[in-house]
Amino acid sequence: MKTVCKAQWTGAWLGSLLLITSHSPLRADHATPPAGSPPDSAAVHAPKAVDQIQALIREASLALLKEGNGRFVAGQPRHPNQDASRRSLTVSEGQKPFATILACSDSRSPVETLFDRGVGELFVVRVAGNVADETQVATIEYGVEHLGTPLLVVLGHSGCGAVSAACKGGELHGHLPALISRIQPAVAKARAAAATPDRVIPTAIQANVWQQIEEIYFQSSIVREKVREGALQIVGGVYDLEKGTVNWLGAHPNQEALLSQADAAERESALSAALKARAESPARSAGGADGGTDAHGHGDASQTPAQGTQHEPDLLRSLLPIREVKARSPQPEHPAEEHQPEHPSPGPHH
Ligand SMILES: [Zn+2]
């Protein structure tokens with residue numbers, strides 16, 4: 001096991017990436033100026049080298065997943081990187097996964113198996129309904145920041161019991177209401193978009209993928225920063241339990257707007273918290289020297305407000321962009337009509 005050196009460890013991974021990216025359309029699209037262009041236009045059309053490399057890595061990571069799923073569907077898996085030497089190597093050198101994946105806990109959608117990947121390759125978060133609650137987002141942040149995965153996939157699946165339960169309603173026990181509430185916004189959108197009642201669940205499964213991507217954006221400034229840097233690509237997908245295929249949905253259609261809205265929401269939340277803390281501080285509740293101010297920056301008229309307090313509402317207005325939070329996610333324009341299984345919704349299974 002010790003005969004495998006570090007160079008081989010990283011080299012094998014990058015070798016796979018380069019092999020795949022050598023066929024990527026990105027190479028032709030960005031590295032080569034248009035035919036017949038004057039020499040100076042090459043600099044205009046060529047992106048920064050680091051941007052190009054990041055794009056290649058992101059695309060190569062996704063290509064590795066697509067290729068592995070292709071082998072799985074064809075019944076020709078290679079089961080790569082699953083032997084004793086791989087286990088030893090990943091212990092001695094640490095893990096270097098190339099993708100973080102948020103997927104459902106459903107036992108019929110085993111992530112490493114359906115992508116035909118091995119030990120140390122995928123950083124997987126699995127929870128019923130692939131919901132992005134706080135602890136899932138924290139795990140995702142570890143994957144994309146600490147481990148540096150260039151790809152994050154939110155993967156739903158056909159016949160998801162958690163989404164089905166959210167659609168059907170009914171009494172829920174234990175901690176399930178908290179989980180199902182995370183899916184309800186997607187169900188509401190699906191009810192509005194589905195052509196017929198029997199399409200609500202398949203439509204909601206796709207809408208829930210978008211919903212959870214939005215949750216990740218809104219909860220994690222780390223993720224947003226990685227996406228802005230070009231170090232991370234987030235895509236959605238829906239796994240078909242029966243066919244074994246993944247319907248890749250791509251990036252969120254409103255990604256840029258989501259990034260801005262999430263930044264604004266975070267600034268607003270931070271300012272509100274700071275103002276509230278200031279208003280509730282002992283000095284202020286005792287009518288301190290700088291006057292009273294409530295959580296909304298409204299000064300106490302019975303006091304003579306000092307400089308600073310007077311300007312807090314203006315400060316809020318200047319720092320908070322006007323935003324529309326309504327309809328954060330896209331309505332399912334392609335509500336999985338053509339992508340969902342022939343016999344959707346086998347019922348709850350969690
Ligand atoms: Zn599920």
# chains A, B, ... in the order shown; residues from 1 in each chain; ligands from 1
call {"tool": "closest_atom_pairs", "arguments": {"of": "chain A", "to": "ligand 1", "cutoff": "7 Å", "atoms": "only C-alpha atoms and all ligand atoms", "output": "Markdown table"}}
result
| residue | atom | partner | partner_atom_place_in_ligand_line | distance |
| --- | --- | --- | --- | --- |
| A:Cys104 | CA | ligand 1 | 1 (Zn) | 4.7 |
| A:Ser105 | CA | ligand 1 | 1 (Zn) | 6.2 |
| A:Asp106 | CA | ligand 1 | 1 (Zn) | 5.0 |
| A:Ala128 | CA | ligand 1 | 1 (Zn) | 5.4 |
| A:Gly129 | CA | ligand 1 | 1 (Zn) | 4.8 |
| A:Gly156 | CA | ligand 1 | 1 (Zn) | 6.8 |
| A:His157 | CA | ligand 1 | 1 (Zn) | 6.1 |
| A:Gly159 | CA | ligand 1 | 1 (Zn) | 7.0 |
| A:Cys160 | CA | ligand 1 | 1 (Zn) | 3.6 |
| A:Gly161 | CA | ligand 1 | 1 (Zn) | 5.1 |
| A:Ala162 | CA | ligand 1 | 1 (Zn) | 5.4 |
| A:Val163 | CA | ligand 1 | 1 (Zn) | 6.9 |
call {"tool": "residues_around", "arguments": {"residues": "Ala132 of chain A", "least_positions_apart": "4", "cutoff": "6 Å", "atoms": "only C-alpha atoms", "output": "ChimeraX atom specification"}}
result
/A:136-137,212
call {"tool": "residues_around", "arguments": {"residues": "segment 80-87 of chain A", "least_positions_apart": "5", "cutoff": "8 Å", "atoms": "only C-alpha atoms", "output": "ChimeraX atom specification"}}
result
/A:1,116-119
call {"tool": "write_last_selection", "arguments": {"atoms": "C-alpha atoms", "output": "PDB file, in the first residue's frame"}}
result
ATOM      1  CA  MET A   1       0.000   0.000   0.000  1.00  0.00           C
ATOM      2  CA  ASP A 116     -19.982   3.908 -10.083  1.00  0.00           C
ATOM      3  CA  ARG A 117     -17.443   5.655  -7.874  1.00  0.00           C
ATOM      4  CA  GLY A 118     -15.248   4.395  -5.081  1.00  0.00           C
ATOM      5  CA  VAL A 119     -13.691   5.231  -1.751  1.00  0.00           C
TER       6      VAL A 119
END
call {"tool": "select_by_dssp", "arguments": {"residues": "segment 234-284 of chain A", "states": "strand (DSSP E or B)", "output": "MDAnalysis selection string"}}
result
chainID A and resid 234:239 246:250
call {"tool": "write_last_selection", "arguments": {"atoms": "N, CA and C atoms", "output": "compact mmCIF listing (two decimals), in the first residue's frame"}}
result
# COMPACT_ATOMS: atom_id res chain seq x y z
N ILE A 234 -22.98 24.43 -8.84
CA ILE A 234 -24.09 23.71 -8.21
C ILE A 234 -25.09 23.31 -9.28
N VAL A 235 -25.39 22.03 -9.34
CA VAL A 235 -26.37 21.56 -10.31
C VAL A 235 -27.39 20.67 -9.61
N GLY A 236 -28.57 20.59 -10.21
CA GLY A 236 -29.61 19.70 -9.71
C GLY A 236 -29.74 18.47 -10.59
N GLY A 237 -30.36 17.45 -10.03
CA GLY A 237 -30.60 16.23 -10.80
C GLY A 237 -31.72 15.42 -10.15
N VAL A 238 -32.37 14.60 -10.95
CA VAL A 238 -33.39 13.69 -10.43
C VAL A 238 -33.06 12.28 -10.90
N TYR A 239 -32.85 11.40 -9.94
CA TYR A 239 -32.50 10.02 -10.23
C TYR A 239 -33.78 9.20 -10.45
N VAL A 246 -29.97 9.51 -14.47
CA VAL A 246 -30.11 10.79 -13.79
C VAL A 246 -30.55 11.82 -14.82
N ASN A 247 -31.64 12.50 -14.53
CA ASN A 247 -32.07 13.63 -15.36
C ASN A 247 -31.37 14.87 -14.82
N TRP A 248 -30.33 15.30 -15.52
CA TRP A 248 -29.55 16.45 -15.05
C TRP A 248 -30.30 17.73 -15.34
N LEU A 249 -30.46 18.56 -14.34
CA LEU A 249 -31.25 19.78 -14.47
C LEU A 249 -30.39 21.02 -14.70
N GLY A 250 -29.09 20.89 -14.49
CA GLY A 250 -28.20 22.04 -14.66
C GLY A 250 -28.22 22.95 -13.46
